[in-house]
Amino acid sequence: MSTKKKPQVTPTPERRRELLATAAEVFAAQGYNATTVRRIADEAGMLAGSLYYHFDSKESMLDEILSTFLAELWQGYDEVLAAGLGPRETIEALVTESFREIDRHRPAVAIYQKEAKHLATQPRFAYLADSQTKFEKAWLGTLERGVTEGVFRDDLDIRLTYRFVRDTVWVAASWYRPGGHHSPEEIARQYLSMVLDGIALRT
């Protein structure tokens, strides 16, 4: 008597996104190394073995979470950088896009901040270091252009300014919650009014 194999059902993209969102929250809260597949499965309301039907490892889940976040970030950043804006307008647009990404991918941002330095030493996550280099070049280049064009003060330490603005913006992932009182665009406007009043050329 022959037995027929049950047909496999391909996981839906929606279900994958749900599982990745759950994994991202757990990774962000507990840290990557401390998180087990069982914990992610528990949070998702499924058996650990069932999770392997969707992803072959927790490393694969982390890779997809971070690569998806960075791909979207760079899509927005590249559009800003290609728009031919002035230095001040470019900074404003980059800050606004950054807060939009925090709104869309808050757990991924938190994971990136905690784990990227360590992960970037692994071949699978080498793209994290490449992205960081590109990120730094974009911001430093814009600030340098602003000083050269007389938009920003010529006594600025460009690297310190970059670090200040970068950290001021991205640390918001530690407290920001989507659907809060302020939209990401409003938070960006408030941050920019504080930052640019300090670095814009006074006339």
# chains A, B, ... in the order shown; residues from 1 in each chain; ligands from 1

call {"tool": "residues_around", "arguments": {"residues": "Gly86 of chain A", "least_positions_apart": "3", "cutoff": "9 Å", "atoms": "only C-alpha atoms", "output": "short mmCIF file (atom, residue, chain, number, x, y, z; two decimals) with N, CA, C and O atoms, in the first residue's frame"}}
result
data_model
loop_
_atom_site.label_atom_id
_atom_site.label_comp_id
_atom_site.auth_asym_id
_atom_site.auth_seq_id
_atom_site.Cartn_x
_atom_site.Cartn_y
_atom_site.Cartn_z
N GLU A 89 19.58 71.63 2.58
CA GLU A 89 18.40 70.86 2.18
C GLU A 89 18.69 69.36 2.17
O GLU A 89 17.82 68.55 2.47
N THR A 90 19.92 69.00 1.81
CA THR A 90 20.30 67.58 1.82
C THR A 90 20.30 67.04 3.25
O THR A 90 19.77 65.95 3.50
N ILE A 91 20.88 67.79 4.18
CA ILE A 91 20.87 67.37 5.59
C ILE A 91 19.43 67.24 6.08
O ILE A 91 19.08 66.26 6.76
N THR A 142 28.41 65.89 2.58
CA THR A 142 27.41 66.95 2.59
C THR A 142 27.82 68.07 3.55
O THR A 142 27.68 69.27 3.23
N ARG A 145 30.67 70.01 2.02
CA ARG A 145 30.17 70.88 0.94
C ARG A 145 29.49 72.12 1.54
O ARG A 145 29.62 73.22 1.01
N GLY A 146 28.78 71.93 2.64
CA GLY A 146 28.12 73.05 3.29
C GLY A 146 29.10 74.08 3.81
O GLY A 146 28.86 75.30 3.72
N VAL A 151 27.49 77.69 3.74
CA VAL A 151 26.17 77.44 4.33
C VAL A 151 26.30 77.09 5.81
O VAL A 151 25.48 77.49 6.63
#

call {"tool": "residues_around", "arguments": {"residues": "segment 178-195 of chain A", "least_positions_apart": "4", "cutoff": "8 Å", "atoms": "only C-alpha atoms", "output": "list in words"}}
result
Glu92, Val95, Thr96, Phe99, Arg100, Asp103, Arg104, Val165, Val169 and Ile199 of chain A

call {"tool": "write_last_selection", "arguments": {"atoms": "all heavy atoms", "output": "mmCIF file, in the first residue's frame"}}
result
data_model
loop_
_atom_site.group_PDB
_atom_site.id
_atom_site.type_symbol
_atom_site.label_atom_id
_atom_site.label_comp_id
_atom_site.auth_asym_id
_atom_site.auth_seq_id
_atom_site.Cartn_x
_atom_site.Cartn_y
_atom_site.Cartn_z
ATOM 1 N N GLU A 92 18.600 68.201 5.752
ATOM 2 C CA GLU A 92 17.198 68.149 6.178
ATOM 3 C C GLU A 92 16.513 66.901 5.632
ATOM 4 O O GLU A 92 15.775 66.215 6.349
ATOM 5 C CB GLU A 92 16.465 69.407 5.699
ATOM 6 C CG GLU A 92 16.896 70.672 6.423
ATOM 7 C CD GLU A 92 16.297 71.941 5.822
ATOM 8 O OE1 GLU A 92 15.847 71.900 4.656
ATOM 9 O OE2 GLU A 92 16.286 72.971 6.516
ATOM 10 N N VAL A 95 17.922 63.650 7.348
ATOM 11 C CA VAL A 95 17.386 63.496 8.700
ATOM 12 C C VAL A 95 15.937 63.040 8.650
ATOM 13 O O VAL A 95 15.520 62.129 9.379
ATOM 14 C CB VAL A 95 17.515 64.809 9.496
ATOM 15 C CG1 VAL A 95 16.706 64.750 10.783
ATOM 16 C CG2 VAL A 95 18.978 65.090 9.818
ATOM 17 N N THR A 96 15.156 63.633 7.765
ATOM 18 C CA THR A 96 13.745 63.251 7.635
ATOM 19 C C THR A 96 13.614 61.806 7.190
ATOM 20 O O THR A 96 12.806 61.036 7.736
ATOM 21 C CB THR A 96 13.029 64.181 6.633
ATOM 22 O OG1 THR A 96 13.129 65.540 7.090
ATOM 23 C CG2 THR A 96 11.555 63.806 6.505
ATOM 24 N N PHE A 99 14.341 59.415 10.096
ATOM 25 C CA PHE A 99 13.234 59.225 11.035
ATOM 26 C C PHE A 99 12.117 58.382 10.417
ATOM 27 O O PHE A 99 11.440 57.631 11.128
ATOM 28 C CB PHE A 99 12.702 60.567 11.526
ATOM 29 C CG PHE A 99 13.492 61.127 12.673
ATOM 30 C CD1 PHE A 99 14.335 62.208 12.487
ATOM 31 C CD2 PHE A 99 13.411 60.553 13.929
ATOM 32 C CE1 PHE A 99 15.080 62.715 13.536
ATOM 33 C CE2 PHE A 99 14.150 61.043 14.991
ATOM 34 C CZ PHE A 99 14.991 62.139 14.795
ATOM 35 N N ARG A 100 11.931 58.491 9.131
ATOM 36 C CA ARG A 100 10.945 57.622 8.473
ATOM 37 C C ARG A 100 11.367 56.158 8.577
ATOM 38 O O ARG A 100 10.527 55.269 8.762
ATOM 39 C CB ARG A 100 10.785 58.035 7.016
ATOM 40 C CG ARG A 100 10.019 59.337 6.814
ATOM 41 C CD ARG A 100 10.021 59.772 5.371
ATOM 42 N NE ARG A 100 9.250 60.990 5.177
ATOM 43 C CZ ARG A 100 9.465 61.870 4.202
ATOM 44 N NH1 ARG A 100 10.424 61.636 3.313
ATOM 45 N NH2 ARG A 100 8.717 62.956 4.101
ATOM 46 N N ASP A 103 10.746 54.887 11.962
ATOM 47 C CA ASP A 103 9.312 54.605 12.085
ATOM 48 C C ASP A 103 8.970 53.246 11.477
ATOM 49 O O ASP A 103 8.191 52.483 12.056
ATOM 50 C CB ASP A 103 8.521 55.712 11.378
ATOM 51 C CG ASP A 103 7.016 55.502 11.454
ATOM 52 O OD1 ASP A 103 6.466 55.505 12.572
ATOM 53 O OD2 ASP A 103 6.383 55.326 10.392
ATOM 54 N N ARG A 104 9.563 52.922 10.336
ATOM 55 C CA ARG A 104 9.242 51.669 9.639
ATOM 56 C C ARG A 104 9.980 50.466 10.213
ATOM 57 O O ARG A 104 9.476 49.345 10.183
ATOM 58 C CB ARG A 104 9.606 51.803 8.159
ATOM 59 C CG ARG A 104 8.809 52.851 7.391
ATOM 60 C CD ARG A 104 9.367 52.995 5.979
ATOM 61 N NE ARG A 104 8.755 54.105 5.274
ATOM 62 C CZ ARG A 104 9.432 55.008 4.548
ATOM 63 N NH1 ARG A 104 10.750 54.908 4.448
ATOM 64 N NH2 ARG A 104 8.801 55.984 3.937
ATOM 65 N N VAL A 165 25.274 64.599 14.920
ATOM 66 C CA VAL A 165 23.998 64.511 14.210
ATOM 67 C C VAL A 165 23.570 63.051 14.060
ATOM 68 O O VAL A 165 22.404 62.706 14.309
ATOM 69 C CB VAL A 165 24.083 65.193 12.831
ATOM 70 C CG1 VAL A 165 22.778 65.020 12.062
ATOM 71 C CG2 VAL A 165 24.393 66.677 12.991
ATOM 72 N N VAL A 169 20.166 61.536 15.941
ATOM 73 C CA VAL A 169 19.032 61.013 15.175
ATOM 74 C C VAL A 169 18.768 59.549 15.502
ATOM 75 O O VAL A 169 17.663 59.168 15.893
ATOM 76 C CB VAL A 169 19.287 61.188 13.661
ATOM 77 C CG1 VAL A 169 18.231 60.430 12.846
ATOM 78 C CG2 VAL A 169 19.272 62.663 13.288
ATOM 79 N N ILE A 199 24.366 75.119 13.683
ATOM 80 C CA ILE A 199 25.444 74.997 12.695
ATOM 81 C C ILE A 199 25.223 75.844 11.445
ATOM 82 O O ILE A 199 26.141 76.003 10.640
ATOM 83 C CB ILE A 199 25.645 73.523 12.278
ATOM 84 C CG1 ILE A 199 24.444 72.989 11.511
ATOM 85 C CG2 ILE A 199 25.945 72.642 13.483
ATOM 86 C CD1 ILE A 199 24.662 71.611 10.924
#

call {"tool": "atom_distance", "arguments": {"atom1": "atom CA of His54 of chain A", "atom2": "atom CA of Leu19 of chain A"}}
result
8.7 Å

call {"tool": "residues_around", "arguments": {"residues": "segment 120-123 of chain A", "least_positions_apart": "4", "cutoff": "12 Å", "atoms": "only C-alpha atoms", "output": "count of residues only"}}
result
15

call {"tool": "closest_residue", "arguments": {"among": "A:Arg88, A:Leu140, A:Gly76, A:Lys134", "to": "Asp197 of chain A", "atoms": "only C-alpha atoms"}}
result
A:Arg88

call {"tool": "residues_around", "arguments": {"residues": "Leu73 of chain A", "least_positions_apart": "6", "cutoff": "10 Å", "atoms": "only C-alpha atoms", "output": "list in words"}}
result
Ser67, Leu94, Glu97, Ser98, Arg100, Glu101, Ile102 and His105 of chain A

call {"tool": "residues_around", "arguments": {"residues": "Leu160 of chain A", "least_positions_apart": "6", "cutoff": "12 Å", "atoms": "only C-alpha atoms", "output": "PDB file with N, CA, C and O atoms, in the first residue's frame"}}
result
ATOM      1  N   GLU A 136      28.822  57.129   6.102  1.00  0.00           N
ATOM      2  CA  GLU A 136      29.736  58.157   6.594  1.00  0.00           C
ATOM      3  C   GLU A 136      30.154  59.099   5.467  1.00  0.00           C
ATOM      4  O   GLU A 136      30.204  60.323   5.654  1.00  0.00           O
ATOM      5  N   TRP A 139      27.273  61.631   4.608  1.00  0.00           N
ATOM      6  CA  TRP A 139      27.082  62.699   5.598  1.00  0.00           C
ATOM      7  C   TRP A 139      28.272  63.641   5.656  1.00  0.00           C
ATOM      8  O   TRP A 139      28.106  64.870   5.668  1.00  0.00           O
ATOM      9  N   LEU A 140      29.477  63.089   5.713  1.00  0.00           N
ATOM     10  CA  LEU A 140      30.664  63.941   5.774  1.00  0.00           C
ATOM     11  C   LEU A 140      30.787  64.793   4.517  1.00  0.00           C
ATOM     12  O   LEU A 140      31.129  65.979   4.585  1.00  0.00           O
ATOM     13  N   LEU A 143      28.315  67.712   4.721  1.00  0.00           N
ATOM     14  CA  LEU A 143      28.762  68.723   5.685  1.00  0.00           C
ATOM     15  C   LEU A 143      29.951  69.516   5.140  1.00  0.00           C
ATOM     16  O   LEU A 143      30.002  70.749   5.270  1.00  0.00           O
ATOM     17  N   ARG A 166      24.494  62.191  13.673  1.00  0.00           N
ATOM     18  CA  ARG A 166      24.185  60.761  13.512  1.00  0.00           C
ATOM     19  C   ARG A 166      23.621  60.171  14.793  1.00  0.00           C
ATOM     20  O   ARG A 166      22.561  59.537  14.799  1.00  0.00           O
ATOM     21  N   ASP A 167      24.341  60.391  15.902  1.00  0.00           N
ATOM     22  CA  ASP A 167      23.916  59.788  17.161  1.00  0.00           C
ATOM     23  C   ASP A 167      22.624  60.406  17.679  1.00  0.00           C
ATOM     24  O   ASP A 167      21.771  59.712  18.241  1.00  0.00           O
ATOM     25  N   THR A 168      22.471  61.707  17.484  1.00  0.00           N
ATOM     26  CA  THR A 168      21.256  62.388  17.926  1.00  0.00           C
ATOM     27  C   THR A 168      20.028  61.822  17.229  1.00  0.00           C
ATOM     28  O   THR A 168      18.976  61.636  17.845  1.00  0.00           O
TER      29      THR A 168
END
